[in-house]
Structures are given as structure tokens and as C-alpha cells.
$ cat my_file.pdb   # PDB, C-alpha atoms
ATOM      1  CA  MET A 197     -28.968  36.593 -69.680  1.00  0.00           C
ATOM      2  CA  LEU A 198     -25.861  35.688 -67.686  1.00  0.00           C
ATOM      3  CA  THR A 199     -22.729  34.673 -69.605  1.00  0.00           C
ATOM      4  CA  MET A 200     -19.173  33.788 -68.616  1.00  0.00           C
ATOM      5  CA  LYS A 201     -18.445  37.553 -68.529  1.00  0.00           C
ATOM      6  CA  ASN A 202     -20.696  37.755 -65.445  1.00  0.00           C
ATOM      7  CA  ILE A 203     -18.756  35.063 -63.574  1.00  0.00           C
ATOM      8  CA  ILE A 204     -15.968  36.459 -61.407  1.00  0.00           C
ATOM      9  CA  ARG A 205     -12.722  34.500 -61.274  1.00  0.00           C
ATOM     10  CA  GLU A 206     -10.340  33.268 -58.631  1.00  0.00           C
ATOM     11  CA  GLY A 207      -8.501  36.177 -57.027  1.00  0.00           C
ATOM     12  CA  HIS A 208     -11.617  38.388 -56.890  1.00  0.00           C
ATOM     13  CA  PRO A 209     -12.224  39.480 -53.260  1.00  0.00           C
ATOM     14  CA  THR A 210     -15.969  38.635 -53.294  1.00  0.00           C
ATOM     15  CA  LEU A 211     -15.101  34.928 -53.643  1.00  0.00           C
ATOM     16  CA  LYS A 212     -13.321  35.030 -50.273  1.00  0.00           C
ATOM     17  CA  LYS A 213     -16.082  36.817 -48.336  1.00  0.00           C
ATOM     18  CA  VAL A 214     -18.780  35.205 -46.228  1.00  0.00           C
ATOM     19  CA  ALA A 215     -22.029  36.053 -48.038  1.00  0.00           C
ATOM     20  CA  GLU A 216     -24.886  37.833 -46.259  1.00  0.00           C
ATOM     21  CA  GLU A 217     -28.085  36.110 -45.124  1.00  0.00           C
ATOM     22  CA  VAL A 218     -31.001  36.946 -47.411  1.00  0.00           C
ATOM     23  CA  LYS A 219     -33.988  38.609 -45.761  1.00  0.00           C
ATOM     24  CA  LEU A 220     -37.427  37.125 -46.297  1.00  0.00           C
ATOM     25  CA  PRO A 221     -39.875  37.787 -47.837  1.00  0.00           C
ATOM     26  CA  LEU A 222     -37.644  37.504 -50.891  1.00  0.00           C
ATOM     27  CA  SER A 223     -37.257  40.712 -52.889  1.00  0.00           C
ATOM     28  CA  ASN A 224     -38.128  40.782 -56.576  1.00  0.00           C
ATOM     29  CA  GLN A 225     -34.456  41.504 -57.288  1.00  0.00           C
ATOM     30  CA  ASP A 226     -33.340  38.363 -55.427  1.00  0.00           C
ATOM     31  CA  LYS A 227     -35.981  36.316 -57.273  1.00  0.00           C
ATOM     32  CA  LYS A 228     -34.667  37.654 -60.607  1.00  0.00           C
ATOM     33  CA  THR A 229     -31.092  36.854 -59.576  1.00  0.00           C
ATOM     34  CA  LEU A 230     -31.969  33.246 -58.706  1.00  0.00           C
ATOM     35  CA  LYS A 231     -33.908  32.761 -61.944  1.00  0.00           C
ATOM     36  CA  LYS A 232     -30.993  34.151 -63.989  1.00  0.00           C
ATOM     37  CA  MET A 233     -28.574  31.849 -62.155  1.00  0.00           C
ATOM     38  CA  LEU A 234     -30.712  28.786 -62.898  1.00  0.00           C
ATOM     39  CA  GLU A 235     -31.170  29.891 -66.511  1.00  0.00           C
ATOM     40  CA  PHE A 236     -27.377  30.192 -66.870  1.00  0.00           C
ATOM     41  CA  LEU A 237     -26.936  26.574 -65.718  1.00  0.00           C
ATOM     42  CA  GLN A 238     -29.658  25.350 -68.080  1.00  0.00           C
ATOM     43  CA  ASN A 239     -28.131  27.297 -70.990  1.00  0.00           C
ATOM     44  CA  SER A 240     -24.625  26.073 -70.144  1.00  0.00           C
ATOM     45  CA  GLN A 241     -25.823  22.469 -70.506  1.00  0.00           C
ATOM     46  CA  ASN A 242     -27.584  23.115 -73.818  1.00  0.00           C
ATOM     47  CA  GLU A 243     -24.935  22.389 -76.451  1.00  0.00           C
ATOM     48  CA  GLU A 244     -26.296  24.836 -79.014  1.00  0.00           C
ATOM     49  CA  ILE A 245     -26.732  27.782 -76.608  1.00  0.00           C
ATOM     50  CA  ALA A 246     -23.454  27.030 -74.801  1.00  0.00           C
ATOM     51  CA  GLN A 247     -21.544  27.087 -78.075  1.00  0.00           C
ATOM     52  CA  LYS A 248     -23.245  30.255 -79.318  1.00  0.00           C
ATOM     53  CA  TYR A 249     -22.483  32.199 -76.119  1.00  0.00           C
ATOM     54  CA  ASN A 250     -19.220  30.415 -75.219  1.00  0.00           C
ATOM     55  CA  LEU A 251     -20.569  29.079 -71.899  1.00  0.00           C
ATOM     56  CA  ARG A 252     -18.697  26.538 -69.799  1.00  0.00           C
ATOM     57  CA  PRO A 253     -21.056  23.819 -68.568  1.00  0.00           C
ATOM     58  CA  GLY A 254     -22.001  24.156 -64.908  1.00  0.00           C
ATOM     59  CA  VAL A 255     -24.207  22.229 -62.476  1.00  0.00           C
ATOM     60  CA  GLY A 256     -24.235  24.765 -59.654  1.00  0.00           C
ATOM     61  CA  LEU A 257     -23.838  28.504 -59.250  1.00  0.00           C
ATOM     62  CA  ALA A 258     -23.613  30.618 -56.105  1.00  0.00           C
ATOM     63  CA  ALA A 259     -24.489  34.332 -56.076  1.00  0.00           C
ATOM     64  CA  PRO A 260     -20.941  35.328 -54.964  1.00  0.00           C
ATOM     65  CA  GLN A 261     -19.708  33.915 -58.284  1.00  0.00           C
ATOM     66  CA  ILE A 262     -21.644  36.674 -60.068  1.00  0.00           C
ATOM     67  CA  ASN A 263     -20.306  39.233 -57.567  1.00  0.00           C
ATOM     68  CA  ILE A 264     -23.458  39.290 -55.422  1.00  0.00           C
ATOM     69  CA  SER A 265     -22.467  38.517 -51.831  1.00  0.00           C
ATOM     70  CA  LYS A 266     -25.754  36.901 -50.797  1.00  0.00           C
ATOM     71  CA  ARG A 267     -26.624  33.372 -49.665  1.00  0.00           C
ATOM     72  CA  LEU A 268     -28.317  32.257 -52.887  1.00  0.00           C
ATOM     73  CA  ILE A 269     -27.488  29.165 -54.949  1.00  0.00           C
ATOM     74  CA  ALA A 270     -28.902  27.523 -58.058  1.00  0.00           C
ATOM     75  CA  ILE A 271     -28.465  23.831 -58.844  1.00  0.00           C
ATOM     76  CA  TYR A 272     -29.231  22.089 -62.145  1.00  0.00           C
ATOM     77  CA  ALA A 273     -27.648  18.653 -62.100  1.00  0.00           C
ATOM     78  CA  THR A 274     -28.400  15.035 -62.900  1.00  0.00           C
ATOM     79  CA  ASP A 275     -27.494  12.374 -60.345  1.00  0.00           C
ATOM     80  CA  GLU A 276     -26.211   8.822 -60.821  1.00  0.00           C
ATOM     81  CA  GLU A 277     -29.765   7.521 -61.373  1.00  0.00           C
ATOM     82  CA  ASN A 278     -30.264  10.116 -64.130  1.00  0.00           C
ATOM     83  CA  LYS A 279     -32.695  12.120 -61.962  1.00  0.00           C
ATOM     84  CA  LEU A 280     -32.640  15.865 -62.582  1.00  0.00           C
ATOM     85  CA  HIS A 281     -32.249  18.093 -59.515  1.00  0.00           C
ATOM     86  CA  SER A 282     -33.258  21.706 -60.115  1.00  0.00           C
ATOM     87  CA  TYR A 283     -33.205  24.111 -57.158  1.00  0.00           C
ATOM     88  CA  MET A 284     -33.135  27.826 -56.417  1.00  0.00           C
ATOM     89  CA  LEU A 285     -32.143  27.928 -52.741  1.00  0.00           C
ATOM     90  CA  ILE A 286     -32.061  30.795 -50.251  1.00  0.00           C
ATOM     91  CA  ASN A 287     -29.848  30.657 -47.131  1.00  0.00           C
ATOM     92  CA  PRO A 288     -28.999  26.941 -47.524  1.00  0.00           C
ATOM     93  CA  LYS A 289     -27.381  25.397 -44.470  1.00  0.00           C
ATOM     94  CA  ILE A 290     -25.985  21.897 -43.928  1.00  0.00           C
ATOM     95  CA  ILE A 291     -27.642  20.684 -40.717  1.00  0.00           C
ATOM     96  CA  SER A 292     -26.157  17.175 -40.677  1.00  0.00           C
ATOM     97  CA  HIS A 293     -23.690  15.049 -42.601  1.00  0.00           C
ATOM     98  CA  SER A 294     -22.356  11.517 -42.663  1.00  0.00           C
ATOM     99  CA  VAL A 295     -19.052  10.511 -41.139  1.00  0.00           C
ATOM    100  CA  GLU A 296     -18.407   8.528 -44.326  1.00  0.00           C
ATOM    101  CA  LEU A 297     -16.363  10.554 -46.819  1.00  0.00           C
ATOM    102  CA  THR A 298     -16.106  10.531 -50.598  1.00  0.00           C
ATOM    103  CA  TYR A 299     -14.549  12.626 -53.357  1.00  0.00           C
ATOM    104  CA  LEU A 300     -15.203  13.402 -56.991  1.00  0.00           C
ATOM    105  CA  TYR A 301     -12.940  11.576 -59.443  1.00  0.00           C
ATOM    106  CA  PRO A 302     -10.956  12.748 -61.324  1.00  0.00           C
ATOM    107  CA  CYS A 303     -11.438  16.173 -59.655  1.00  0.00           C
ATOM    108  CA  GLU A 304     -13.861  18.996 -58.890  1.00  0.00           C
ATOM    109  CA  GLY A 305     -14.175  21.959 -61.220  1.00  0.00           C
ATOM    110  CA  CYS A 306     -15.514  25.470 -60.819  1.00  0.00           C
ATOM    111  CA  LEU A 307     -16.834  28.163 -63.165  1.00  0.00           C
ATOM    112  CA  SER A 308     -14.733  30.696 -61.226  1.00  0.00           C
ATOM    113  CA  ILE A 309     -11.483  28.764 -61.750  1.00  0.00           C
ATOM    114  CA  ASP A 310     -10.137  28.641 -65.290  1.00  0.00           C
ATOM    115  CA  ARG A 311      -7.331  26.172 -64.656  1.00  0.00           C
ATOM    116  CA  GLU A 312      -7.059  22.468 -63.916  1.00  0.00           C
ATOM    117  CA  VAL A 313      -6.362  21.952 -60.212  1.00  0.00           C
ATOM    118  CA  PRO A 314      -4.937  18.518 -59.404  1.00  0.00           C
ATOM    119  CA  GLY A 315      -6.074  16.923 -56.167  1.00  0.00           C
ATOM    120  CA  PHE A 316      -9.029  15.456 -54.335  1.00  0.00           C
ATOM    121  CA  VAL A 317     -11.566  17.231 -52.125  1.00  0.00           C
ATOM    122  CA  LEU A 318     -12.754  14.943 -49.342  1.00  0.00           C
ATOM    123  CA  ARG A 319     -16.394  15.610 -48.435  1.00  0.00           C
ATOM    124  CA  PRO A 320     -19.170  13.849 -46.480  1.00  0.00           C
ATOM    125  CA  ARG A 321     -20.987  11.308 -48.673  1.00  0.00           C
ATOM    126  CA  ARG A 322     -24.461  12.288 -47.368  1.00  0.00           C
ATOM    127  CA  ILE A 323     -25.810  15.644 -46.188  1.00  0.00           C
ATOM    128  CA  THR A 324     -29.078  17.179 -45.039  1.00  0.00           C
ATOM    129  CA  VAL A 325     -29.710  20.787 -46.052  1.00  0.00           C
ATOM    130  CA  GLN A 326     -32.270  23.244 -44.703  1.00  0.00           C
ATOM    131  CA  ALA A 327     -33.143  26.241 -46.868  1.00  0.00           C
ATOM    132  CA  HIS A 328     -35.943  28.182 -48.428  1.00  0.00           C
ATOM    133  CA  GLN A 329     -36.660  27.320 -52.024  1.00  0.00           C
ATOM    134  CA  LEU A 330     -37.953  29.579 -54.760  1.00  0.00           C
ATOM    135  CA  THR A 331     -40.420  27.462 -56.722  1.00  0.00           C
ATOM    136  CA  ASP A 332     -41.012  27.753 -60.463  1.00  0.00           C
ATOM    137  CA  GLU A 333     -44.321  29.421 -59.549  1.00  0.00           C
ATOM    138  CA  GLY A 334     -42.469  32.154 -57.640  1.00  0.00           C
ATOM    139  CA  GLU A 335     -43.368  30.968 -54.133  1.00  0.00           C
ATOM    140  CA  VAL A 336     -40.794  30.728 -51.355  1.00  0.00           C
ATOM    141  CA  VAL A 337     -41.168  27.604 -49.223  1.00  0.00           C
ATOM    142  CA  PRO A 338     -39.043  26.117 -46.419  1.00  0.00           C
ATOM    143  CA  VAL A 339     -37.426  22.793 -47.376  1.00  0.00           C
ATOM    144  CA  THR A 340     -35.289  20.089 -45.829  1.00  0.00           C
ATOM    145  CA  LEU A 341     -33.403  18.176 -48.535  1.00  0.00           C
ATOM    146  CA  ARG A 342     -31.220  15.083 -48.308  1.00  0.00           C
ATOM    147  CA  PHE A 343     -28.446  14.442 -50.786  1.00  0.00           C
ATOM    148  CA  LYS A 344     -25.931  11.665 -51.306  1.00  0.00           C
ATOM    149  CA  ASN A 345     -22.922  10.956 -53.499  1.00  0.00           C
ATOM    150  CA  TYR A 346     -22.576  13.332 -56.475  1.00  0.00           C
ATOM    151  CA  MET A 347     -25.429  15.651 -55.455  1.00  0.00           C
ATOM    152  CA  ALA A 348     -24.017  15.951 -51.921  1.00  0.00           C
ATOM    153  CA  ILE A 349     -20.701  17.065 -53.429  1.00  0.00           C
ATOM    154  CA  VAL A 350     -22.424  19.612 -55.708  1.00  0.00           C
ATOM    155  CA  LEU A 351     -24.359  21.159 -52.801  1.00  0.00           C
ATOM    156  CA  GLN A 352     -21.315  21.281 -50.522  1.00  0.00           C
ATOM    157  CA  HIS A 353     -19.265  22.951 -53.259  1.00  0.00           C
ATOM    158  CA  GLU A 354     -21.902  25.690 -53.743  1.00  0.00           C
ATOM    159  CA  ILE A 355     -22.503  26.217 -50.006  1.00  0.00           C
ATOM    160  CA  ASP A 356     -18.710  26.589 -49.622  1.00  0.00           C
ATOM    161  CA  HIS A 357     -18.916  29.548 -52.016  1.00  0.00           C
ATOM    162  CA  LEU A 358     -21.333  31.242 -49.589  1.00  0.00           C
ATOM    163  CA  ASN A 359     -18.674  30.909 -46.890  1.00  0.00           C
ATOM    164  CA  GLY A 360     -15.802  32.282 -48.986  1.00  0.00           C
ATOM    165  CA  ILE A 361     -14.289  28.844 -49.596  1.00  0.00           C
ATOM    166  CA  LEU A 362     -13.118  27.565 -52.993  1.00  0.00           C
ATOM    167  CA  PHE A 363     -12.640  23.849 -53.630  1.00  0.00           C
ATOM    168  CA  THR A 364      -8.914  24.555 -54.060  1.00  0.00           C
ATOM    169  CA  ASP A 365      -8.824  25.581 -50.366  1.00  0.00           C
ATOM    170  CA  ARG A 366      -9.947  22.061 -49.427  1.00  0.00           C
ATOM    171  CA  ILE A 367      -7.217  20.169 -51.319  1.00  0.00           C
ATOM    172  CA  ASN A 368      -4.463  18.835 -49.044  1.00  0.00           C
ATOM    173  CA  GLN A 369      -1.531  21.077 -50.004  1.00  0.00           C
ATOM    174  CA  ASP A 370       1.131  18.576 -48.840  1.00  0.00           C
ATOM    175  CA  ASN A 371      -0.459  15.521 -50.460  1.00  0.00           C
ATOM    176  CA  PRO A 372      -3.175  16.563 -52.974  1.00  0.00           C
ATOM    177  CA  PHE A 373      -4.125  12.982 -53.862  1.00  0.00           C
ATOM    178  CA  TYR A 374      -4.268  11.635 -50.298  1.00  0.00           C
ATOM    179  CA  VAL A 375      -7.272   9.399 -49.682  1.00  0.00           C
ATOM    180  CA  PRO A 376      -7.903   7.799 -46.274  1.00  0.00           C
ATOM    181  CA  GLU A 377      -8.322   4.035 -46.242  1.00  0.00           C
ATOM    182  CA  GLY A 378     -11.803   2.873 -47.224  1.00  0.00           C
ATOM    183  CA  VAL A 379     -12.891   6.158 -48.839  1.00  0.00           C
ATOM    184  CA  GLN A 380     -14.473   5.448 -52.235  1.00  0.00           C
ATOM    185  CA  PRO A 381     -14.690   8.008 -55.073  1.00  0.00           C
ATOM    186  CA  ILE A 382     -17.734   9.189 -56.993  1.00  0.00           C
ATOM    187  CA  GLU A 383     -16.841   8.896 -60.669  1.00  0.00           C
ATOM    188  CA  PHE A 384     -18.739  11.353 -62.794  1.00  0.00           C
TER     189      PHE A 384
END
$ encode --input "my_file.pdb" --output "C-alpha cells"
Amino acid sequence: MLTMKNIIREGHPTLKKVAEEVKLPLSNQDKKTLKKMLEFLQNSQNEEIAQKYNLRPGVGLAAPQINISKRLIAIYATDEENKLHSYMLINPKIISHSVELTYLYPCEGCLSIDREVPGFVLRPRRITVQAHQLTDEGEVVPVTLRFKNYMAIVLQHEIDHLNGILFTDRINQDNPFYVPEGVQPIEF
């Protein structure tokens, strides 16, 4: 079982590296890694388990955050319509995005960053992602997924991790709370 001890923190060199493409067919080790990542997110959102193991709640986890420099992400998040999104994705890639921007209010957070970071991260409001998905049955299938609003932000945040980018890198250093005219926040 993964715990907060397995999550590397800001300053660790793996968080700044571009993660390697994962070769298919998916190895048993990579399948185990993805399942452990998803299990961590589920446990972190279960109040009893989270308290027992001192887990910070998370909605997404990228393999580089557990010091594995591979293009693997797990998502376990509920959107604005209360729909649960649960994914174990291999080599996810944003293939298109909206011109319209948004940002998470009051701010984004990250399991690898233990401090509050003031500022907004402007991101496209809608994205389309291509990836392979590990199903609950253990199959690997190609998928094209479309996300908007909160879920689009979650996916972009995790895919950034695969490219060595932390959300803090995307905050405008000169004016952290700058928002272009007409850009509406996602409050979550």
C-alpha cells in the first residue's frame, strides 16, 4: 500500500524530469504500479483509512510523484455533476484543447508540495486526451477522453507531472493572481 512516505516532494529531481513513454504490452510491474496509485487515491478519500495512515486527500497521482519516471497517471475524482471519474492511464497526451481558459479557485494543490502556494494557474477549460487505459479487468485499451472544467484541470495537472512541470511553475511570478478579462474560475 502506498502512503505519504512514498510520495516524493518538491525539490526532488525526478519531479523535474520528462517521464519515459511506457512500452506496450503493459508489464505486470506497470499494472501493479497503476493499481497501487489508484488505490492510494481511493484510500486518501476514505476518511477512516486516510486518518489511520495519515494520508492527504488526492484526486490524481502521476508515477513521477512516487519516483517512477514513467508516463502513468491515476485519476479518482468527482466532477461538478457528482460523477465519479476513475482512470488508470498509460502515455496520456492532450491532442486538443479549447482557447477558453479557466482556473481553480482558490488554488491548485499537489501531494508533492507541502505548502500553500498563492496564485492562479490558467488552463484550457476543455481538453481531449488520447491514452491507453488499464481497465479494472486488467485489459489495456486505447481511449480518447474529453474533459471540461474541473476534470480538465485535474488531467492537465497530472499530465504536467509527466513533463517535469509542477503547478507552481505555471503561476505568473510577477502577478500570481492575474486573470485575463472574461476568464471564469472553477470553484471546487
$ closest_residue --input "my_file.pdb" --among "A:Ile291, A:Leu237, A:Glu276, A:Val218" --to "Ile264 of chain A" --atoms "all atoms listed in the file"
A:Val218
$ closest_residue --input "my_file.pdb" --among "A:Ala259, A:Ala273, A:Met200, A:Val214" --to "Gln247 of chain A" --atoms "all atoms listed in the file"
A:Met200
$ axis_aligned_box --input "my_file.pdb" --around "segment 254-266 of chain A" --padding-each-side "4 Å" --output "JSON"
{"center_x": -22.7, "center_y": 30.8, "center_z": -57.9, "size_x": 14.0, "size_y": 25.1, "size_z": 22.1}
$ closest_atom_pairs --input "my_file.pdb" --of "segment 202-299 of chain A" --to "segment 310-326 of chain A" --cutoff "10 Å" --atoms "all atoms listed in the file" --output "CSV"
residue,atom,partner,partner_atom,distance
A:Arg205,CA,A:Asp310,CA,7.6
A:Glu206,CA,A:Asp310,CA,8.1
A:Arg252,CA,A:Asp310,CA,9.9
A:Leu285,CA,A:Gln326,CA,9.3
A:Ile286,CA,A:Gln326,CA,9.4
A:Asn287,CA,A:Gln326,CA,8.2
A:Pro288,CA,A:Gln326,CA,5.7
A:Lys289,CA,A:Gln326,CA,5.3
A:Ile290,CA,A:Val325,CA,4.4
A:Ile291,CA,A:Val325,CA,5.7
A:Ser292,CA,A:Thr324,CA,5.2
A:His293,CA,A:Ile323,CA,4.2
A:Ser294,CA,A:Arg322,CA,5.2
A:Val295,CA,A:Pro320,CA,6.3
A:Glu296,CA,A:Arg321,CA,5.8
A:Leu297,CA,A:Pro320,CA,4.3
A:Thr298,CA,A:Arg321,CA,5.3
A:Tyr299,CA,A:Leu318,CA,5.0
$ write_last_selection --input "my_file.pdb" --atoms "C-alpha atoms" --output "PDB file, keeping the file's coordinate frame"
ATOM      1  CA  ARG A 205     -12.722  34.500 -61.274  1.00  0.00           C
ATOM      2  CA  GLU A 206     -10.340  33.268 -58.631  1.00  0.00           C
ATOM      3  CA  ARG A 252     -18.697  26.538 -69.799  1.00  0.00           C
ATOM      4  CA  LEU A 285     -32.143  27.928 -52.741  1.00  0.00           C
ATOM      5  CA  ILE A 286     -32.061  30.795 -50.251  1.00  0.00           C
ATOM      6  CA  ASN A 287     -29.848  30.657 -47.131  1.00  0.00           C
ATOM      7  CA  PRO A 288     -28.999  26.941 -47.524  1.00  0.00           C
ATOM      8  CA  LYS A 289     -27.381  25.397 -44.470  1.00  0.00           C
ATOM      9  CA  ILE A 290     -25.985  21.897 -43.928  1.00  0.00           C
ATOM     10  CA  ILE A 291     -27.642  20.684 -40.717  1.00  0.00           C
ATOM     11  CA  SER A 292     -26.157  17.175 -40.677  1.00  0.00           C
ATOM     12  CA  HIS A 293     -23.690  15.049 -42.601  1.00  0.00           C
ATOM     13  CA  SER A 294     -22.356  11.517 -42.663  1.00  0.00           C
ATOM     14  CA  VAL A 295     -19.052  10.511 -41.139  1.00  0.00           C
ATOM     15  CA  GLU A 296     -18.407   8.528 -44.326  1.00  0.00           C
ATOM     16  CA  LEU A 297     -16.363  10.554 -46.819  1.00  0.00           C
ATOM     17  CA  THR A 298     -16.106  10.531 -50.598  1.00  0.00           C
ATOM     18  CA  TYR A 299     -14.549  12.626 -53.357  1.00  0.00           C
TER      19      TYR A 299
END
$ closest_residue --input "my_file.pdb" --among "A:Leu198, A:Leu358, A:Ile382, A:Val339" --to "Thr229 of chain A" --atoms "all atoms listed in the file"
A:Leu198
$ closest_atom_pairs --input "my_file.pdb" --of "segment 342-376 of chain A" --to "segment 300-306 of chain A" --cutoff "10 Å" --atoms "all atoms listed in the file" --output "CSV"
residue,atom,partner,partner_atom,distance
A:Asn345,CA,A:Leu300,CA,8.8
A:Tyr346,CA,A:Leu300,CA,7.4
A:Ile349,CA,A:Leu300,CA,7.5
A:Val350,CA,A:Glu304,CA,9.2
A:His353,CA,A:Glu304,CA,8.7
A:Glu354,CA,A:Cys306,CA,9.5
A:Leu362,CA,A:Cys306,CA,8.4
A:Phe363,CA,A:Glu304,CA,7.3
A:Thr364,CA,A:Glu304,CA,8.9
A:Phe373,CA,A:Cys303,CA,9.9
$ residues_around --input "my_file.pdb" --residues "Gln238 of chain A" --least-positions-apart "3" --cutoff "9 Å" --atoms "all atoms listed in the file" --output "list in words"
Met233, Leu234, Glu235, Gln241, Asn242, Pro253, Gly254, Val255 and Tyr272 of chain A
$ atom_distance --input "my_file.pdb" --atom1 "atom CA of Asp356 of chain A" --atom2 "atom CA of Val337 of chain A"
22.5 Å
$ resolve_selection --input "my_file.pdb" --expression "the PyMOL selection byres ((chain A and resi 213) around 9)" --output "ChimeraX atom specification"
/A:209-212,214-215,260,265,357-361
$ atom_distance --input "my_file.pdb" --atom1 "atom CA of Ala348 of chain A" --atom2 "atom CA of Ser240 of chain A"
20.9 Å
$ atom_distance --input "my_file.pdb" --atom1 "atom CA of Lys231 of chain A" --atom2 "atom CA of Glu333 of chain A"
11.2 Å
$ closest_residue --input "my_file.pdb" --among "A:Asn278, A:Thr340, A:Gln369, A:Gln329" --to "Pro221 of chain A" --atoms "only C-alpha atoms"
A:Gln329
$ closest_residue --input "my_file.pdb" --among "A:Pro372, A:Gly334, A:Gly256, A:Gly207" --to "Leu222 of chain A" --atoms "only C-alpha atoms"
A:Gly334
$ residues_around --input "my_file.pdb" --residues "Ile204 of chain A" --least-positions-apart "4" --cutoff "7 Å" --atoms "all atoms listed in the file" --output "number ranges by chain"
A: 208, 261-263, 308
$ resolve_selection --input "my_file.pdb" --expression "the PyMOL selection byres ((chain A and resi 283) around 6)" --output "list in words"
Ala270, Ile271, Ser282, Met284 and Leu285 of chain A
$ closest_residue --input "my_file.pdb" --among "A:Leu330, A:Leu220, A:Leu351, A:Leu307" --to "Thr199 of chain A" --atoms "all atoms listed in the file"
A:Leu307
$ decode --input "my_file.pdb" --residues "segment 272-323 of chain A" --atoms "C-alpha atoms" --output "short mmCIF file (atom, residue, chain, number, x, y, z; two decimals), in the first residue's frame"
data_model
loop_
_atom_site.label_atom_id
_atom_site.label_comp_id
_atom_site.auth_asym_id
_atom_site.auth_seq_id
_atom_site.Cartn_x
_atom_site.Cartn_y
_atom_site.Cartn_z
CA TYR A 272 -10.08 9.29 -8.90
CA ALA A 273 -12.18 12.44 -8.83
CA THR A 274 -15.78 13.59 -8.79
CA ASP A 275 -16.85 16.34 -11.19
CA GLU A 276 -19.34 19.18 -10.75
CA GLU A 277 -22.26 16.87 -11.61
CA ASN A 278 -21.12 14.45 -8.89
CA LYS A 279 -19.98 11.88 -11.49
CA LEU A 280 -17.01 9.77 -10.43
CA HIS A 281 -14.09 9.58 -12.88
CA SER A 282 -11.73 6.69 -12.22
CA TYR A 283 -8.86 6.10 -14.66
CA MET A 284 -5.52 4.33 -14.86
CA LEU A 285 -3.92 5.91 -17.94
CA ILE A 286 -0.78 4.99 -19.88
CA ASN A 287 1.03 7.57 -22.05
CA PRO A 288 -1.77 10.17 -21.85
CA LYS A 289 -1.43 13.00 -24.34
CA ILE A 290 -3.53 16.14 -24.80
CA ILE A 291 -4.42 16.17 -28.51
CA SER A 292 -6.63 19.28 -28.47
CA HIS A 293 -7.78 21.99 -26.10
CA SER A 294 -10.11 24.96 -26.02
CA VAL A 295 -8.95 28.53 -26.44
CA GLU A 296 -11.20 29.40 -23.50
CA LEU A 297 -9.25 29.41 -20.23
CA THR A 298 -10.22 28.78 -16.62
CA TYR A 299 -8.52 28.29 -13.26
CA LEU A 300 -9.22 26.52 -10.00
CA TYR A 301 -10.36 28.79 -7.17
CA PRO A 302 -8.98 29.34 -4.59
CA CYS A 303 -5.88 27.49 -5.89
CA GLU A 304 -4.46 24.17 -7.08
CA GLY A 305 -2.80 21.80 -4.65
CA CYS A 306 -0.39 18.91 -5.05
CA LEU A 307 0.57 15.86 -2.98
CA SER A 308 4.22 16.64 -3.75
CA ILE A 309 4.00 20.20 -2.40
CA ASP A 310 3.53 20.56 1.35
CA ARG A 311 2.98 24.31 1.41
CA GLU A 312 0.23 26.69 0.35
CA VAL A 313 1.18 28.37 -2.93
CA PRO A 314 -0.78 31.56 -3.62
CA GLY A 315 -1.73 32.23 -7.22
CA PHE A 316 -3.83 31.03 -10.11
CA VAL A 317 -2.92 28.51 -12.82
CA LEU A 318 -4.60 29.41 -16.10
CA ARG A 319 -5.51 26.30 -18.11
CA PRO A 320 -7.74 25.43 -21.09
CA ARG A 321 -11.34 24.83 -19.98
CA ARG A 322 -11.80 21.77 -22.26
CA ILE A 323 -9.30 19.14 -23.41
#
